[in-house]
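Engineer: Quick one: the structure is below, questions incoming.
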Amino acid sequence: MTLQLDLGTAGKVQGKAVRRRTTWRPVPLKQRGKSSVPTSCGDTGWCCSELRDRAQVICHSGSPVCTAFPAEFAKYGHVKMHHGYTNVVGLGDSSTWKLPCLNRYIYMFFAPFLIPILTPLVALEHLRKVELRSALQTLGLISLGLYSHYWLLLNVSGFRSPSSALACMLLTRSLLAHPYIHVNIFQHIGLPMFSPDKKPRRIHMMSLGVLNLPRLPVLDWAFGHSLISCHVEHHLFPTLSDNMCLKVKPVVSKFLHEKQLPYNEDSYLARFWLFFDRYEEFMVQAPPITELVGLQ
């Protein structure tokens, strides 16, 4: 089934201006034909499936080139597991960010510099589980991205030695690695965790297990409002854009407070020192399970 966009015509009814309304109407497959495919910008039909296919191609080819990590694995881990089972132990509890073998100093200050090296290695581990053709295709895109970066540094940016180019690659790719790791652990770990067989309703899961950080210009520009100051809204409405998450933020906050549900907010520095002081409890030991009693 596809979606067809109908645009109402603007006019006047009883002397009052009528605003143009946009409505979506599903079109059954048997009614689809050449007439439903737009031939010009003025056609009322709109081929959403074609745009969606193009976006998927760009995403699945651009992600391994730019980030050295396959888009399908990122989508499965983030959208399917983390969003679907937020703070459910063993499913979407952000446990992939835990490295109990590292102490607090190495994890919080030095380990983020290894993100550019660990990311391709983790991708290779995932590629072992897929079919050979798909693995080779993704491996080729990852290699293309890494070599293109290296080639540009040597031939365009003016680096004279391979070692200096590789050092620059490591530095630029780990530039925002510290806040990237910190944000991922600050906004979920340390909050209530739930058992897979006794997980609460979605609204309770998101209000209890997600935290918003304050707006910070650098982080907002690098990661977007959805991952920083509107993370609760992002988990409640994952398809909303950053701009829309920012607009619905006061509505969500008011609704949760009216229903006497938590709306977690804290500063970056406060969460940093909290994790630094309670690192063993949050990042090494197994989290305590929260059970909600009496909530309807």
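Naming works like this for the structure tokens: A, B, ... for the chains as they're shown, residue 1 at the start of each chain, ligands 1 onward in shown order.
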At a cut-off of 12 Å, can you tabulate as CSV every residue of region 126-183 of chain A near region 204-213 of chain A together with its closest atom pair and the distance in Å to one decimal, using only C-alpha atoms and ordering rows by chain then number?
Structural biologist:
residue,atom,partner,partner_atom,distance
A:Pro179,CA,A:Leu213,CA,11.8
A:His182,CA,A:Leu213,CA,11.2
A:Val183,CA,A:Leu213,CA,8.4
Engineer: Report as a ChimeraX atom specification all protein, DNA and RNA residues lying within 8 Å of region 84-96 of chain A, evaluated on only C-alpha atoms, omitting residues in the same chain fewer than 5 positions from it.
Structural biologist: /A:79,184-185,188-189,192-196,199,205-206,209
Engineer: Measure the distance from CA of Arg173 (chain A) to CA of Pro116 (chain A) in Å and round it to one decimal.
Structural biologist: 5.9 Å
Engineer: Measure the distance from CA of Ser229 (chain A) to CA of Lys254 (chain A) in Å and round it to one decimal.
Structural biologist: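 Distance reported for this atom pair: 15.6 Å.
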Engineer: Find the spatial neighbours of Phe69 (chain A), counting only C-alpha atoms, within a cut-off of 9 Å - ignore same-chain residues fewer than 2 positions away - and output them as a list of chain:residue names.
Structural biologist: A:Ser63, A:Pro64, A:Val65, A:Cys66, A:Thr67, A:Ala71, A:Glu72, A:Phe73, A:Ala74, A:Thr119, A:Pro120, A:Val122, A:Ala123, A:Leu124, A:Thr138, A:Ile142
Engineer: Please write the residues from the selection above to a file, keeping N, CA and C atoms, as a tab-separated table (two decimals), in the first residue's frame.
Structural biologist:
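What landed in part-v1.tsv:
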chain	number	residue	atom	x	y	z
A	63	SER	N	26.23	5.49	5.33
A	63	SER	CA	26.63	5.16	6.69
A	63	SER	C	27.97	4.43	6.76
A	64	PRO	N	28.19	3.35	6.00
A	64	PRO	CA	29.51	2.70	6.08
A	64	PRO	C	30.64	3.57	5.54
A	65	VAL	N	30.35	4.41	4.55
A	65	VAL	CA	31.39	5.28	4.00
A	65	VAL	C	31.80	6.34	5.01
A	66	CYS	N	30.85	6.97	5.66
A	66	CYS	CA	31.14	8.09	6.55
A	66	CYS	C	31.47	7.66	7.98
A	67	THR	N	30.86	6.59	8.46
A	67	THR	CA	31.04	6.21	9.87
A	67	THR	C	31.74	4.87	10.06
A	71	ALA	N	24.61	0.54	8.28
A	71	ALA	CA	23.37	1.19	8.71
A	71	ALA	C	22.37	0.19	9.26
A	72	GLU	N	22.31	-1.03	8.69
A	72	GLU	CA	21.31	-1.98	9.14
A	72	GLU	C	21.56	-2.44	10.57
A	73	PHE	N	22.84	-2.55	10.97
A	73	PHE	CA	23.14	-2.94	12.34
A	73	PHE	C	22.83	-1.80	13.31
A	74	ALA	N	23.13	-0.58	12.89
A	74	ALA	CA	22.80	0.58	13.72
A	74	ALA	C	21.30	0.71	13.89
A	119	THR	N	35.26	0.97	16.07
A	119	THR	CA	34.05	0.93	15.24
A	119	THR	C	34.19	-0.01	14.04
A	120	PRO	N	35.26	0.08	13.22
A	120	PRO	CA	35.39	-0.89	12.11
A	120	PRO	C	35.54	-2.33	12.60
A	122	VAL	N	34.17	-3.68	15.34
A	122	VAL	CA	32.84	-4.14	15.71
A	122	VAL	C	32.02	-4.43	14.45
A	123	ALA	N	32.18	-3.59	13.43
A	123	ALA	CA	31.47	-3.82	12.17
A	123	ALA	C	31.90	-5.14	11.53
A	124	LEU	N	33.18	-5.45	11.57
A	124	LEU	CA	33.66	-6.72	11.02
A	124	LEU	C	33.07	-7.91	11.77
A	138	THR	N	29.43	-4.22	1.99
A	138	THR	CA	29.60	-3.29	3.11
A	138	THR	C	31.07	-3.06	3.42
A	142	ILE	N	33.08	0.53	3.50
A	142	ILE	CA	33.87	0.98	4.65
A	142	ILE	C	35.30	1.30	4.22
Engineer: Kindly give the distance, in Å, that separates CA of His83 (chain A) and CA of Leu102 (chain A), rounded to a single decimal.
Structural biologist: 27.1 Å
Engineer: Just asking: which residues within region 37-264 of chain A are strand (DSSP E or B) according to DSSP, as a list in words?
Structural biologist: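 The strand (DSSP E or B) subset of region 37-264 of chain A is Thr86, Val88, Gly92, Met193, Phe194, Leu211, Asn212 and Asn264 of chain A.
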Engineer: Would you write out those residues with all heavy atoms, as a compact mmCIF listing (two decimals), in the first residue's frame?
Structural biologist:
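Saved file again28.txt follows:
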# COMPACT_ATOMS: atom_id res chain seq x y z
N THR A 86 13.43 0.14 25.88
CA THR A 86 14.25 1.09 26.62
C THR A 86 14.40 0.67 28.08
O THR A 86 13.42 0.47 28.79
CB THR A 86 13.62 2.50 26.55
OG1 THR A 86 13.50 2.88 25.18
CG2 THR A 86 14.47 3.51 27.28
N VAL A 88 15.18 -2.07 29.36
CA VAL A 88 14.82 -3.45 29.69
C VAL A 88 16.11 -4.27 29.69
O VAL A 88 16.82 -4.31 28.69
CB VAL A 88 13.81 -4.02 28.67
CG1 VAL A 88 13.53 -5.49 28.97
CG2 VAL A 88 12.52 -3.21 28.71
N GLY A 92 17.30 -3.51 25.64
CA GLY A 92 17.60 -2.12 25.29
C GLY A 92 18.12 -1.33 26.46
O GLY A 92 17.80 -0.15 26.63
N MET A 193 15.67 0.32 35.79
CA MET A 193 15.78 -0.76 34.82
C MET A 193 14.66 -1.76 35.06
O MET A 193 14.22 -1.95 36.20
CB MET A 193 17.14 -1.45 34.93
CG MET A 193 18.33 -0.56 34.60
SD MET A 193 18.47 -0.28 32.82
CE MET A 193 19.81 0.93 32.78
N PHE A 194 14.24 -2.43 33.99
CA PHE A 194 13.07 -3.29 34.07
C PHE A 194 13.39 -4.70 33.59
O PHE A 194 14.27 -4.91 32.75
CB PHE A 194 11.92 -2.71 33.23
CG PHE A 194 11.67 -1.25 33.48
CD1 PHE A 194 12.07 -0.30 32.56
CD2 PHE A 194 11.06 -0.84 34.64
CE1 PHE A 194 11.85 1.05 32.79
CE2 PHE A 194 10.81 0.49 34.89
CZ PHE A 194 11.22 1.45 33.96
N LEU A 211 16.30 10.48 30.14
CA LEU A 211 16.64 11.76 30.77
C LEU A 211 17.03 12.78 29.72
O LEU A 211 17.71 12.45 28.73
CB LEU A 211 17.77 11.56 31.77
CG LEU A 211 18.33 12.78 32.49
CD1 LEU A 211 18.60 12.45 33.97
CD2 LEU A 211 19.63 13.28 31.84
N ASN A 212 16.62 14.02 29.93
CA ASN A 212 17.01 15.13 29.06
C ASN A 212 18.17 15.90 29.66
O ASN A 212 18.19 16.17 30.87
CB ASN A 212 15.84 16.10 28.85
CG ASN A 212 14.82 15.57 27.87
OD1 ASN A 212 15.08 14.63 27.11
ND2 ASN A 212 13.64 16.18 27.86
N ASN A 264 12.54 13.46 33.66
CA ASN A 264 13.92 13.52 34.14
C ASN A 264 14.73 14.55 33.37
O ASN A 264 14.79 14.52 32.14
CB ASN A 264 14.58 12.14 34.02
CG ASN A 264 13.89 11.09 34.86
OD1 ASN A 264 13.62 11.30 36.03
ND2 ASN A 264 13.57 9.96 34.25
